[in-house]
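Reviewing the structure listed below.
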Amino acid sequence: MADAENIWLDVQKIREKAPLVHNITNYVVMNTTANALLAIGASPVMAHAIQEVEEMVRIAHTVGGALVINIGTLSEKWIDAMSLAMQTAKEQKVPIVFDPVGAGATNLRTQTCVHLLAETNPEIIRGNASEIMALLDSDVQTKGVDSSASPETAIYSAKALASFYRCVVCVSGVRDVITDSHVVMTTRNGHPLMSRVTGLGCTASALIGAFVAVNPDPLLAATHAMAVMGIAGELAAEQAQGPGTLQLYFYDVLYNLDKQQIEKRLR
Amino acid sequence: MADAENIWLDVQKIREKAPLVHNITNYVVMNTTANALLAIGASPVMAHAIQEVEEMVRIAHTVGGALVINIGTLSEKWIDAMSLAMQTAKEQKVPIVFDPVGAGATNLRTQTCVHLLAETNPEIIRGNASEIMALLDSDVQTKGVDSSASPETAIYSAKALASFYRCVVCVSGVRDVITDSHVVMTTRNGHPLMSRVTGLGCTASALIGAFVAVNPDPLLAATHAMAVMGIAGELAAEQAQGPGTLQLYFYDVLYNLDKQQIEKRLR
Amino acid sequence: MADAENIWLDVQKIREKAPLVHNITNYVVMNTTANALLAIGASPVMAHAIQEVEEMVRIAHTVGGALVINIGTLSEKWIDAMSLAMQTAKEQKVPIVFDPVGAGATNLRTQTCVHLLAETNPEIIRGNASEIMALLDSDVQTKGVDSSASPETAIYSAKALASFYRCVVCVSGVRDVITDSHVVMTTRNGHPLMSRVTGLGCTASALIGAFVAVNPDPLLAATHAMAVMGIAGELAAEQAQGPGTLQLYFYDVLYNLDKQQIEKRLR
């Protein structure tokens, strides 16, 4: 169970330090994740050319930041850049968040994840239940990029994956499960309408990047980020008439989020 | 003239079955078409790497779905992936929707369309009048990606194109014309403000993908999708102050669309 | 100091002529800049394949338009296409707006700018203070893509850069500074919340493209565009609850902008 006080401390630190979150992410969500990061108070940058990712990661090291890798719209050159960026981040002690979008759907996605994770273990892997299960067992077949397994059935996989890569694994769903293989944290905030907005999972991974840039404990950072995602989603859904307005209010809520809202909502 | 009852049956089927709509589309609209597909109840996926499009199309075959090809921001590798995805879809009997964005504006766009369509005839081609005319006669020059011909002048081209490729052709405009070369259907819903939101034509093509995934008759599927586009646009425009709010309300309306709205609005 | 009457004349010309603004821009902002251009009344097109940029620039020449180059998410093939598009625009007398996003952050960005600007001097360069300073002195290091220098400290750099490339340089910030190295114009409109929406700087560059397509004086065109950006941002911020709603209202305001609003707000 996350603690409202500590979540709020992290939000304040993000607003104060504006950590640089370097994203190598998919075309679908570049705009929306940048907006979510700006709304919470972080400083997003998107850079994917192999000629510049090393340098950009070094800036994240210098000014304080994180690297977020998201494989949502892969192609060959991007994989090489992701590999180099992750290795540089590891050397520079810049925390890495890895989002295996669509792992299990195609061999390219599953194998790219396996290859990148074998080279460099990230601080945090965040995915839906199907994706997390696919990373452990490549026989799991998923339907596109939406999850077809419940978070509950994936807890075993999450703990096994966390143990295998010695990292934190976050399985998002109706109940979010976050584990370092030993401790299991859960957050229960959120709203069903959030699944009708594209890329809110990717946004969660990007926000985890902002939190882990200011909180050295990846388990807490991921848990705090997921709680903020869910709380902001609930608050936005209360005002929204549908998924279109939900997305916009979501940014407004992130920007205006205060301690009382977190205390009152956290489940 | 479309029938409200049957449009509504298709909407219900999309919400129930959540068909997988595999898009190989342009950078400008990836986010907005994914959101429109989620709002109507479909399951969008974007995948363009040549290493994975075949597999993704096979998933669309297995779970039920469609392939939407949109040439809005072309480059070489994407053309190869489009070609392979279309051929796989044909083999797997996954219906194909083809959007020739900007055909007639540059040789690359016109020739890519001619090349892809010669290899694989899709179930449905949807474009504005200029684009449809350019596919028949490459001497037609268009201004960028916006149409400079009326749908009326393009009916002849639409029928000829439908006959040539043995497919359904949908010409969108103030009046939408949908034809299989024999029967001509029209829908007259919509709002002028829709032309001030980027990519609503691309959204129409994506929605046609969702409809043709649940309705085996491409002529009806395209007609129903265009009616829903227009009706949702009208309802959104009534609430909107301009193109920004229109786009957001458009998703909300798609998500909340009911039978009465279709019956009342359909023209 | 810009003049409300002349700003309004330009807005009317954009709405009447719908100039074609050809953008080779970054993935993050393709959708949002297209929407801003449509909202103000221009006709945006995105095309980056080396096989078609020359042709697209020629269309901009024929129908009236501008070329906007934005290096926000670079990779090799895009640089070649930018180079060819800029050279074609110069030959065809299509005005060029250049946005050096993140110059100073990585060598790739700084060197690409230096290389492209050495080949072809644009009519207008627009950036934040850090970017403009980095173009003059590659030892200036910036943090990601957000500015870390005040516009005031960059005036000297702006004038020097304008003199070096014989073009207009626009430094955006709390106070926007626009200079051809001789005359310095300023606009003081805008709202702090604008910096929490991704890509509004890129939107400014795109709008400058629309203005310079209808106003042959690049100094005035850039000044008028920056005034309209700032005024629209203020009006949107008054209605907005946060950065999410600000972005949407911004398009609505651009679409509905009238002479009285410009006269009343212009500072």
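For the structure tokens, the naming scheme is as follows: chains receive sequential letters (A, B, ...) according to their order of presentation, residues are indexed from 1 within each chain, and ligands are indexed from 1 in presentation order.
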Dump as a PDB file with C-alpha atoms, in the first residue's frame the residues of chain C that approach chain B to within 6 Å, counting only C-alpha atoms.
ATOM      1  CA  MET C  30       2.830  16.804 -36.549  1.00  0.00           C
ATOM      2  CA  ASN C  31      -0.762  16.558 -35.436  1.00  0.00           C
ATOM      3  CA  ASN C  35      -4.391  21.534 -36.421  1.00  0.00           C
ATOM      4  CA  LEU C  38      -6.018  24.518 -40.205  1.00  0.00           C
ATOM      5  CA  ALA C  39      -7.501  26.577 -37.364  1.00  0.00           C
ATOM      6  CA  VAL C  45       0.860  19.251 -45.660  1.00  0.00           C
ATOM      7  CA  ALA C  47       5.839  15.195 -46.561  1.00  0.00           C
ATOM      8  CA  ALA C  49      10.325  11.408 -48.351  1.00  0.00           C
ATOM      9  CA  GLU C  52       8.596  13.872 -53.023  1.00  0.00           C
ATOM     10  CA  LEU C 248      -7.879  22.668 -27.273  1.00  0.00           C
ATOM     11  CA  TYR C 251      -7.304  25.981 -31.703  1.00  0.00           C
ATOM     12  CA  ASP C 252     -10.809  27.285 -31.056  1.00  0.00           C
TER      13      ASP C 252
END
(request) Would you list the contacts of Leu9 in chain B as a list in words, taking every protein, DNA or RNA residue within 10 Å and counting only C-alpha atoms, but skipping same-chain residues closer than 3 positions in sequence? (result)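 Using only C-alpha atoms, the neighbours found are Ala4, Glu5, Asn6, Gln12, Lys13, Ile14, Val214, Asn215, His224 and Lys259 of chain B.
Of all the residues in range 100-241 of chain A, the ones DSSP labels as strand (DSSP E or B) from the backbone are Ala103, Thr106, Ile124, Ile125, Arg126, Gly127, Asn128, Val168, Val169, Cys170, Val171, Ser172, Asp176, Val177, Ile178, Thr179, Val184, Met185, Thr186 and Thr187 of chain A.
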(message) Using only C-alpha atoms, which protein or nucleic acid residues come within 12 Å of Glu91 in chain B? Drop anything in the same chain fewer than 2 positions from it, and give the result as a list in words.
(response)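 Listing them by chain and then by number gives Glu54, Val57, Arg58, His61, Leu84, Ala85, Met86, Gln87, Thr88, Ala89, Lys93, Val94, Pro95, Ile96, Thr120, Asn121 and Pro122 of chain B.
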(request) Per DSSP on the backbone, filter range 195-259 of chain B down to the residues in alpha helix (DSSP H) and report them as a PyMOL selection string. (result) chain B and resi 200-214+218-239+243-256+259
(request) Name the residues in contact with Phe250 in chain A at a cut-off of 7 Å, using only C-alpha atoms, excluding same-chain residues fewer than 3 positions from it; report them as a PyMOL selection string. (result) chain A and resi 232-233+236+246-247+253-254
How would the residues just picked look written out with N, CA and C atoms as an mmCIF file, in the first residue's frame?
data_model
loop_
_atom_site.group_PDB
_atom_site.id
_atom_site.type_symbol
_atom_site.label_atom_id
_atom_site.label_comp_id
_atom_site.auth_asym_id
_atom_site.auth_seq_id
_atom_site.Cartn_x
_atom_site.Cartn_y
_atom_site.Cartn_z
ATOM 1 N N ALA A 232 -5.399 10.640 -10.974
ATOM 2 C CA ALA A 232 -5.650 11.659 -12.003
ATOM 3 C C ALA A 232 -6.715 11.165 -12.974
ATOM 4 N N GLY A 233 -6.665 9.885 -13.311
ATOM 5 C CA GLY A 233 -7.674 9.321 -14.207
ATOM 6 C C GLY A 233 -9.071 9.392 -13.608
ATOM 7 N N ALA A 236 -10.238 13.046 -13.588
ATOM 8 C CA ALA A 236 -10.566 13.459 -14.954
ATOM 9 C C ALA A 236 -11.878 12.821 -15.403
ATOM 10 N N LEU A 246 -11.867 13.119 -21.344
ATOM 11 C CA LEU A 246 -11.046 12.530 -20.277
ATOM 12 C C LEU A 246 -9.565 12.823 -20.508
ATOM 13 N N GLN A 247 -9.099 12.629 -21.738
ATOM 14 C CA GLN A 247 -7.669 12.816 -21.994
ATOM 15 C C GLN A 247 -7.232 14.243 -21.659
ATOM 16 N N VAL A 253 -5.682 17.835 -14.574
ATOM 17 C CA VAL A 253 -5.637 17.294 -13.217
ATOM 18 C C VAL A 253 -4.192 17.082 -12.782
ATOM 19 N N LEU A 254 -3.372 16.503 -13.653
ATOM 20 C CA LEU A 254 -1.960 16.293 -13.305
ATOM 21 C C LEU A 254 -1.311 17.621 -12.931
#
Within 12 Å of Asp10 in chain A, counting only C-alpha atoms, which residues show up once you throw out same-chain ones fewer than 5 positions away? Write them as a JSON list (two decimals) with N, CA and C atoms, in the first residue's frame, please.
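Saved file around11.json follows:
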[["chain", "number", "residue", "atom", "x", "y", "z"],
["A", 3, "ASP", "N", 1.84, 5.30, 0.26],
["A", 3, "ASP", "CA", 1.60, 6.28, 1.31],
["A", 3, "ASP", "C", 1.42, 7.67, 0.69],
["A", 4, "ALA", "N", 0.30, 8.32, 1.01],
["A", 4, "ALA", "CA", -0.04, 9.59, 0.37],
["A", 4, "ALA", "C", 1.04, 10.65, 0.59],
["A", 5, "GLU", "N", 1.55, 10.69, 1.80],
["A", 5, "GLU", "CA", 2.59, 11.67, 2.14],
["A", 5, "GLU", "C", 3.80, 11.55, 1.21],
["A", 15, "ARG", "N", 8.09, 18.69, -9.55],
["A", 15, "ARG", "CA", 7.78, 20.08, -9.91],
["A", 15, "ARG", "C", 8.95, 21.02, -9.66],
["A", 16, "GLU", "N", 9.71, 20.71, -8.63],
["A", 16, "GLU", "CA", 10.84, 21.57, -8.26],
["A", 16, "GLU", "C", 12.04, 21.34, -9.17],
["A", 17, "LYS", "N", 12.34, 20.05, -9.43],
["A", 17, "LYS", "CA", 13.58, 19.72, -10.16],
["A", 17, "LYS", "C", 13.37, 19.60, -11.66],
["A", 18, "ALA", "N", 12.13, 19.44, -12.11],
["A", 18, "ALA", "CA", 11.86, 19.27, -13.53],
["A", 18, "ALA", "C", 12.83, 18.29, -14.19],
["A", 19, "PRO", "N", 12.86, 17.04, -13.73],
["A", 19, "PRO", "CA", 13.83, 16.08, -14.28],
["A", 19, "PRO", "C", 13.63, 15.87, -15.79],
["A", 40, "ILE", "N", 2.88, 17.18, -15.25],
["A", 40, "ILE", "CA", 3.28, 16.81, -13.89],
["A", 40, "ILE", "C", 4.48, 17.67, -13.43],
["A", 41, "GLY", "N", 5.18, 18.29, -14.38],
["A", 41, "GLY", "CA", 6.28, 19.17, -14.01],
["A", 41, "GLY", "C", 7.65, 18.72, -14.49],
["A", 42, "ALA", "N", 7.71, 17.61, -15.24],
["A", 42, "ALA", "CA", 8.99, 17.11, -15.76],
["A", 42, "ALA", "C", 9.32, 17.79, -17.08],
["A", 207, "LEU", "N", 5.47, 8.58, -16.86],
["A", 207, "LEU", "CA", 5.40, 9.18, -15.52],
["A", 207, "LEU", "C", 6.30, 8.45, -14.54],
["A", 208, "ILE", "N", 6.36, 7.12, -14.67],
["A", 208, "ILE", "CA", 7.30, 6.37, -13.82],
["A", 208, "ILE", "C", 8.71, 6.91, -14.03],
["A", 209, "GLY", "N", 9.03, 7.26, -15.26],
["A", 209, "GLY", "CA", 10.34, 7.87, -15.54],
["A", 209, "GLY", "C", 10.56, 9.14, -14.72],
["A", 210, "ALA", "N", 9.53, 9.98, -14.65],
["A", 210, "ALA", "CA", 9.66, 11.22, -13.86],
["A", 210, "ALA", "C", 9.84, 10.91, -12.38],
["A", 211, "PHE", "N", 9.09, 9.92, -11.88],
["A", 211, "PHE", "CA", 9.17, 9.60, -10.45],
["A", 211, "PHE", "C", 10.51, 8.95, -10.09],
["A", 212, "VAL", "N", 11.00, 8.04, -10.93],
["A", 212, "VAL", "CA", 12.25, 7.36, -10.60],
["A", 212, "VAL", "C", 13.45, 8.30, -10.77],
["A", 213, "ALA", "N", 13.23, 9.41, -11.47],
["A", 213, "ALA", "CA", 14.29, 10.41, -11.58],
["A", 213, "ALA", "C", 14.46, 11.18, -10.27],
["A", 214, "VAL", "N", 13.42, 11.22, -9.44],
["A", 214, "VAL", "CA", 13.54, 11.96, -8.17],
["A", 214, "VAL", "C", 13.50, 11.04, -6.95],
["A", 215, "ASN", "N", 13.12, 9.78, -7.13],
["A", 215, "ASN", "CA", 13.04, 8.85, -6.01],
["A", 215, "ASN", "C", 13.95, 7.66, -6.29],
["A", 216, "PRO", "N", 15.02, 7.48, -5.51],
["A", 216, "PRO", "CA", 16.01, 6.44, -5.83],
["A", 216, "PRO", "C", 15.50, 5.01, -5.62],
["A", 217, "ASP", "N", 14.33, 4.86, -5.02],
["A", 217, "ASP", "CA", 13.79, 3.51, -4.81],
["A", 217, "ASP", "C", 12.80, 3.17, -5.93],
["A", 220, "LEU", "N", 9.16, 2.11, -4.96],
["A", 220, "LEU", "CA", 8.30, 3.20, -4.51],
["A", 220, "LEU", "C", 7.99, 4.16, -5.66],
["A", 221, "ALA", "N", 8.99, 4.45, -6.47],
["A", 221, "ALA", "CA", 8.78, 5.37, -7.59],
["A", 221, "ALA", "C", 7.67, 4.86, -8.50],
["A", 222, "ALA", "N", 7.73, 3.59, -8.85],
["A", 222, "ALA", "CA", 6.72, 3.01, -9.75],
["A", 222, "ALA", "C", 5.36, 3.01, -9.08],
["A", 223, "THR", "N", 5.34, 2.67, -7.80],
["A", 223, "THR", "CA", 4.07, 2.63, -7.07],
["A", 223, "THR", "C", 3.46, 4.02, -6.98],
["A", 224, "HIS", "N", 4.26, 5.01, -6.68],
["A", 224, "HIS", "CA", 3.76, 6.39, -6.59],
["A", 224, "HIS", "C", 3.23, 6.88, -7.93],
["A", 225, "ALA", "N", 3.96, 6.56, -8.98],
["A", 225, "ALA", "CA", 3.52, 6.98, -10.32],
["A", 225, "ALA", "C", 2.19, 6.34, -10.69],
["A", 227, "ALA", "N", -0.11, 5.26, -8.66],
["A", 227, "ALA", "CA", -1.17, 5.86, -7.84],
["A", 227, "ALA", "C", -1.59, 7.21, -8.43],
["A", 228, "VAL", "N", -0.62, 8.01, -8.83],
["A", 228, "VAL", "CA", -0.93, 9.32, -9.41],
["A", 228, "VAL", "C", -1.70, 9.16, -10.74],
["A", 258, "ASP", "N", -3.11, 18.18, -6.02],
["A", 258, "ASP", "CA", -2.64, 18.62, -4.71],
["A", 258, "ASP", "C", -2.67, 17.46, -3.71],
["A", 259, "LYS", "N", -2.13, 17.74, -2.56],
["A", 259, "LYS", "CA", -1.96, 16.70, -1.54],
["A", 259, "LYS", "C", -3.30, 16.14, -1.07],
["A", 262, "ILE", "N", -4.73, 13.49, -3.30],
["A", 262, "ILE", "CA", -4.05, 12.20, -3.16],
["A", 262, "ILE", "C", -4.51, 11.51, -1.88]]
